[in-house]
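my_file_12.cif, holding mmCIF, C-alpha atoms:
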data_run
#
loop_
_atom_site.label_atom_id
_atom_site.label_comp_id
_atom_site.auth_asym_id
_atom_site.auth_seq_id
_atom_site.Cartn_x
_atom_site.Cartn_y
_atom_site.Cartn_z
CA MET A 1 82.01 78.85 98.73
CA ILE A 2 84.56 81.62 98.30
CA LYS A 3 83.26 85.10 98.99
CA LYS A 4 83.68 87.48 96.04
CA ILE A 5 85.53 90.71 96.72
CA LYS A 6 83.16 93.69 96.59
CA ILE A 7 84.43 96.78 94.77
CA LEU A 8 82.83 100.17 94.21
CA LEU A 9 84.43 101.91 91.24
CA LEU A 10 83.81 105.63 90.78
CA CYS A 11 84.76 106.79 87.31
CA ARG A 12 83.57 108.59 84.17
CA LYS A 13 81.07 107.02 81.80
CA ASN A 14 82.25 108.11 78.37
CA GLU A 15 85.99 108.08 78.95
CA LYS A 16 88.11 105.41 77.27
CA TYR A 17 90.43 104.59 80.17
CA SER A 18 87.53 104.33 82.63
CA GLN A 19 85.84 101.90 80.25
CA GLN A 20 89.03 99.86 79.84
CA LEU A 21 89.46 99.68 83.61
CA ILE A 22 85.84 98.54 84.04
CA GLN A 23 86.35 95.79 81.47
CA TYR A 24 89.55 94.67 83.19
CA ILE A 25 87.96 94.57 86.66
CA LYS A 26 84.90 92.69 85.38
CA ARG A 27 87.20 89.90 84.16
CA GLN A 28 88.57 89.45 87.71
CA ASN A 29 85.54 87.62 89.12
CA VAL A 30 84.63 90.31 91.64
CA ASN A 31 81.34 91.84 92.70
CA LEU A 32 81.63 95.24 90.98
CA LYS A 33 79.36 98.23 91.44
CA ILE A 34 80.01 101.29 89.29
CA PHE A 35 79.08 104.92 89.84
CA TYR A 36 79.57 107.21 86.87
CA SER A 37 80.57 110.63 88.07
CA LYS A 38 79.56 113.61 85.92
CA THR A 39 80.25 116.83 87.86
CA TYR A 40 81.99 118.13 90.96
CA LYS A 41 78.66 119.14 92.49
CA GLU A 42 76.89 115.78 92.55
CA LYS A 43 76.51 113.46 95.52
CA LEU A 44 76.80 109.72 95.66
CA PRO A 45 73.29 108.24 95.50
CA LYS A 46 72.10 106.52 98.69
CA LYS A 47 71.80 103.18 96.91
CA PHE A 48 75.62 102.98 96.91
CA ILE A 49 75.92 103.91 100.58
CA LYS A 50 73.82 101.00 101.82
CA TYR A 51 76.46 98.39 100.88
CA ASN A 52 79.74 97.43 102.45
CA TYR A 53 82.75 97.13 100.14
CA ASP A 54 86.15 95.58 100.37
CA TYR A 55 87.54 98.39 98.21
CA ILE A 56 86.42 101.72 96.85
CA LEU A 57 88.42 102.78 93.80
CA SER A 58 88.27 106.34 92.51
CA PHE A 59 89.51 106.68 88.92
CA ARG A 60 89.08 110.05 87.18
CA ASN A 61 86.14 110.62 89.50
CA TYR A 62 84.68 114.05 90.31
CA LEU A 63 83.22 113.20 93.73
CA ILE A 64 84.77 114.05 97.05
CA LEU A 65 83.99 111.02 99.18
CA LYS A 66 82.41 111.67 102.56
CA LYS A 67 82.84 109.79 105.79
CA ASP A 68 79.54 107.90 105.37
CA ILE A 69 80.81 106.07 102.28
CA LEU A 70 84.44 105.74 103.42
CA LYS A 71 83.34 103.87 106.55
CA ARG A 72 81.51 101.37 104.29
CA SER A 73 84.79 99.99 102.92
CA LYS A 74 87.89 98.33 104.29
CA TYR A 75 90.06 100.49 102.04
CA ALA A 76 89.52 103.31 99.57
CA PHE A 77 92.07 104.34 96.94
CA ASN A 78 92.33 107.28 94.59
CA PHE A 79 94.16 107.17 91.29
CA HIS A 80 95.18 110.83 91.13
CA PRO A 81 96.36 112.29 87.80
CA SER A 82 99.23 114.27 89.29
CA ILE A 83 102.38 114.04 91.34
CA PRO A 84 101.98 114.67 95.10
CA ASP A 85 103.03 118.33 94.63
CA TYR A 86 99.53 119.12 93.38
CA ARG A 87 96.27 118.19 95.05
CA GLY A 88 92.77 118.73 93.76
CA VAL A 89 92.05 119.70 90.15
CA GLY A 90 93.95 121.59 87.46
CA CYS A 91 97.23 119.92 88.37
CA ALA A 92 98.59 119.58 84.83
CA ASN A 93 97.96 123.30 84.28
CA TYR A 94 99.99 124.14 87.37
CA ALA A 95 102.82 121.82 86.39
CA LEU A 96 103.12 123.56 83.01
CA LEU A 97 102.86 127.05 84.57
CA ASP A 98 105.52 126.10 87.14
CA ASN A 99 107.80 124.75 84.38
CA LYS A 100 108.05 121.38 86.12
CA LYS A 101 110.45 118.92 84.53
CA TYR A 102 108.41 115.91 85.67
CA PHE A 103 104.77 115.04 86.05
CA GLY A 104 102.92 111.81 86.73
CA ILE A 105 100.33 110.07 88.82
CA THR A 106 99.80 109.21 92.47
CA ILE A 107 97.91 106.32 94.01
CA HIS A 108 96.90 107.07 97.58
CA GLU A 109 94.46 106.00 100.25
CA ILE A 110 91.40 108.21 100.50
CA ASN A 111 90.64 109.96 103.75
CA GLU A 112 88.43 112.94 104.57
CA ARG A 113 90.93 115.50 103.24
CA VAL A 114 91.20 115.89 99.47
CA ASP A 115 94.28 114.05 98.12
CA TYR A 116 95.94 113.79 101.55
CA GLY A 117 95.75 110.04 102.17
CA LYS A 118 98.77 107.78 102.61
CA ILE A 119 100.70 107.61 99.33
CA ILE A 120 100.96 104.07 97.99
CA HIS A 121 102.69 104.69 94.65
CA VAL A 122 103.97 107.53 92.43
CA ALA A 123 104.91 107.15 88.77
CA LYS A 124 106.69 110.06 87.07
CA PHE A 125 107.61 110.91 83.51
CA LYS A 126 109.58 113.73 81.94
CA ILE A 127 107.63 116.67 80.54
CA ASN A 128 108.69 117.29 76.98
CA LYS A 129 109.17 121.00 76.16
CA LYS A 130 106.78 120.60 73.21
CA MET A 131 103.96 119.23 75.36
CA THR A 132 100.73 121.13 75.43
CA LEU A 133 98.11 120.77 78.13
CA ASP A 134 96.24 118.28 75.93
CA THR A 135 99.28 116.10 75.23
CA LEU A 136 100.32 116.21 78.90
CA LEU A 137 96.83 115.13 79.97
CA ASP A 138 96.70 112.38 77.34
CA LYS A 139 99.98 110.91 78.57
CA THR A 140 98.96 111.31 82.22
CA HIS A 141 95.62 109.54 81.74
CA LYS A 142 97.22 106.65 79.86
CA ILE A 143 99.81 106.17 82.61
CA LEU A 144 97.08 106.53 85.24
CA TYR A 145 95.18 103.65 83.63
CA LEU A 146 98.28 101.44 83.31
CA GLU A 147 99.34 102.05 86.91
CA ALA A 148 95.78 101.54 88.19
CA LYS A 149 95.61 98.22 86.40
CA LYS A 150 98.96 97.09 87.89
CA PHE A 151 97.80 98.22 91.34
CA ILE A 152 94.52 96.31 91.06
CA ILE A 153 96.36 93.16 89.95
CA LYS A 154 98.50 93.30 93.11
CA LEU A 155 95.57 94.29 95.31
CA LEU A 156 93.43 91.35 94.22
CA LYS A 157 96.36 88.95 94.47
CA ASP A 158 97.45 90.02 97.96
CA SER A 159 96.03 93.15 99.60
CA ASN A 160 98.60 92.85 102.40
CA THR A 161 101.25 94.00 99.89
CA PHE A 162 100.15 97.60 100.48
CA PHE A 163 99.57 97.51 104.23
CA LYS A 164 102.72 96.06 105.72
CA SER A 165 104.31 98.43 108.21
#
Any chance you could give the structure as structure tokens?
Amino acid sequence: MIKKIKILLLCRKNEKYSQQLIQYIKRQNVNLKIFYSKTYKEKLPKKFIKYNYDYILSFRNYLILKKDILKRSKYAFNFHPSIPDYRGVGCANYALLDNKKYFGITIHEINERVDYGKIIHVAKFKINKKMTLDTLLDKTHKILYLEAKKFIIKLLKDSNTFFKS
């Protein structure tokens, strides 16, 4: 019997791209656990910490993952809605304030420092002069979903793709 890959997905409950990603992952014949993140102040419930995972995936998640959960997985990845220039939150605001010409998303490994893990992939797009914060975020979240989906396809097909030296 083939062992199913175990994934913990941390995402938002009532957000369309989180829901689309959940539906996509469920179709991949994996053992999926989902934690719906609501605020920056919450902690991951202990029921999620008692399992071991092949992958932890953080998509539009508010939680900062601690060592106790990170050590429960082989790999943990964050789908960060910003280019590597900006870590943490409010990144689109800063890009507009800094008059950046490009913005995008970053996929990186998660470690104990916020948004400092090894960068796996960056996708950029040009910021249109007419973009508002809302339109920039809309485009960013759509690209984040599309890139996350592509990443997960490759990850489930051959995880070694991302870890060759």
>> Taking all atoms listed in the file into account, name the residue in A:Leu44, A:Leu137, A:Leu144, A:Leu32 that is nearest to Gly90 (chain A).
In response: A:Leu137
> Residues at most 7 Å from Leu9 (chain A), counting all atoms listed in the file, excluding those fewer than 3 positions away in the same chain, as a list of chain:residue names?
Replying inline: A:Lys33, A:Ile34, A:Phe35, A:Ile56, A:Leu57, A:Ser58
With C-alpha atoms kept, could you save the residues just selected as a JSON list (two decimals), in the coordinates of the input?
[["chain", "number", "residue", "atom", "x", "y", "z"],
["A", 33, "LYS", "CA", 79.36, 98.23, 91.44],
["A", 34, "ILE", "CA", 80.01, 101.29, 89.29],
["A", 35, "PHE", "CA", 79.08, 104.92, 89.84],
["A", 56, "ILE", "CA", 86.42, 101.72, 96.85],
["A", 57, "LEU", "CA", 88.42, 102.78, 93.80],
["A", 58, "SER", "CA", 88.27, 106.34, 92.51]]
>> To one decimal place in Å, what is the distance between CA of Leu96 (chain A) and CA of Glu112 (chain A)?
In response: 28.2 Å
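Reported to one decimal place, the separation of CA of Leu21 (chain A) from CA of Thr106 (chain A) is 16.6 Å.
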>> Every residue with an atom at most 12 Å from (84.0, 88.2, 89.0) (file coordinates; only C-alpha atoms) is what I'm after, so could you write them as an MDAnalysis selection string?
In response: chainID A and resid 2:7 22:33 156
>> Which residues are near region 46-52 of chain A? Cut-off 8 Å, only C-alpha atoms, ignore same chain within fewer than 2 positions. Put them as an MDAnalysis selection string.
In response: chainID A and resid 6 44 54 68:69 72:73
>> Quick check on the file I pasted: which residues fall under the PyMOL selection byres ((chain A and resi 146) around 12)? Write them as a list in words.
In response: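 Taken over the shown coordinates, the PyMOL selection byres ((chain A and resi 146) around 12) returns Tyr17, Ser18, Gln20, Leu21, Tyr24, Phe59, Phe79, Pro81, Gly104, Ile105, Ile107, Ala123, Lys139, Thr140, His141, Lys142, Ile143, Leu144, Tyr145, Glu147, Ala148, Lys149, Lys150, Phe151, Ile152 and Ile153 of chain A.
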> Restricting the calculation to all atoms listed in the file, which member of A:Val114, A:Lys67, A:His108, A:Phe103 is positioned closest to Leu133 (chain A)?
Replying inline: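 Using all atoms listed in the file, the shortest distance to Leu133 (chain A) belongs to A:Phe103.
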> Which residues match the PyMOL selection byres ((chain A and resi 100) around 12) in the file above, as a PyMOL selection string?
Replying inline: chain A and resi 82-83+85-86+91-99+101-104+124-129+131+136
Preceding selection exported with C-alpha atoms as an mmCIF file, in the frame of the given file:
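And here's result-v7.cif as it stands now:
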data_model
loop_
_atom_site.group_PDB
_atom_site.id
_atom_site.type_symbol
_atom_site.label_atom_id
_atom_site.label_comp_id
_atom_site.auth_asym_id
_atom_site.auth_seq_id
_atom_site.Cartn_x
_atom_site.Cartn_y
_atom_site.Cartn_z
ATOM 1 C CA SER A 82 99.230 114.270 89.290
ATOM 2 C CA ILE A 83 102.380 114.040 91.340
ATOM 3 C CA ASP A 85 103.030 118.330 94.630
ATOM 4 C CA TYR A 86 99.530 119.120 93.380
ATOM 5 C CA CYS A 91 97.230 119.920 88.370
ATOM 6 C CA ALA A 92 98.590 119.580 84.830
ATOM 7 C CA ASN A 93 97.960 123.300 84.280
ATOM 8 C CA TYR A 94 99.990 124.140 87.370
ATOM 9 C CA ALA A 95 102.820 121.820 86.390
ATOM 10 C CA LEU A 96 103.120 123.560 83.010
ATOM 11 C CA LEU A 97 102.860 127.050 84.570
ATOM 12 C CA ASP A 98 105.520 126.100 87.140
ATOM 13 C CA ASN A 99 107.800 124.750 84.380
ATOM 14 C CA LYS A 101 110.450 118.920 84.530
ATOM 15 C CA TYR A 102 108.410 115.910 85.670
ATOM 16 C CA PHE A 103 104.770 115.040 86.050
ATOM 17 C CA GLY A 104 102.920 111.810 86.730
ATOM 18 C CA LYS A 124 106.690 110.060 87.070
ATOM 19 C CA PHE A 125 107.610 110.910 83.510
ATOM 20 C CA LYS A 126 109.580 113.730 81.940
ATOM 21 C CA ILE A 127 107.630 116.670 80.540
ATOM 22 C CA ASN A 128 108.690 117.290 76.980
ATOM 23 C CA LYS A 129 109.170 121.000 76.160
ATOM 24 C CA MET A 131 103.960 119.230 75.360
ATOM 25 C CA LEU A 136 100.320 116.210 78.900
#
> Mind pulling up the distance from CA of Cys11 (chain A) to CA of Asn61 (chain A)?
Replying inline: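 Separation between CA of Asn61 (chain A) and CA of Cys11 (chain A): 4.6 Å.
The closest residue to Phe77 (chain A), picked from A:Lys38, A:Lys13, A:Lys130, A:His121 and counting all atoms listed in the file, is A:His121.
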> For Tyr62 (chain A), which residue out of A:Asn111, A:Lys74, A:Leu10, A:Gln19 is the nearest one, using all atoms listed in the file?
Replying inline: A:Leu10
>> Taking all atoms listed in the file into account, name the residue in A:Val122, A:Ile64, A:Val89, A:Leu155 that is nearest to Ile110 (chain A).
In response: A:Ile64
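Minimum atom-to-atom distance to Gly88 (chain A), evaluated using only C-alpha atoms, belongs to A:Asp115 out of A:Glu109, A:Glu15, A:Asp138, A:Asp115.
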>> Counting all atoms listed in the file, I want the residues whose atoms come within 12 Å of (73.5, 115.7, 96.8) in the file frame, returned as a list in words.
In response: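 Looking at atoms near the point gives Thr39, Tyr40, Lys41, Glu42, Lys43, Leu44, Pro45, Lys46, Leu63, Ile64, Leu65 and Lys66 of chain A.
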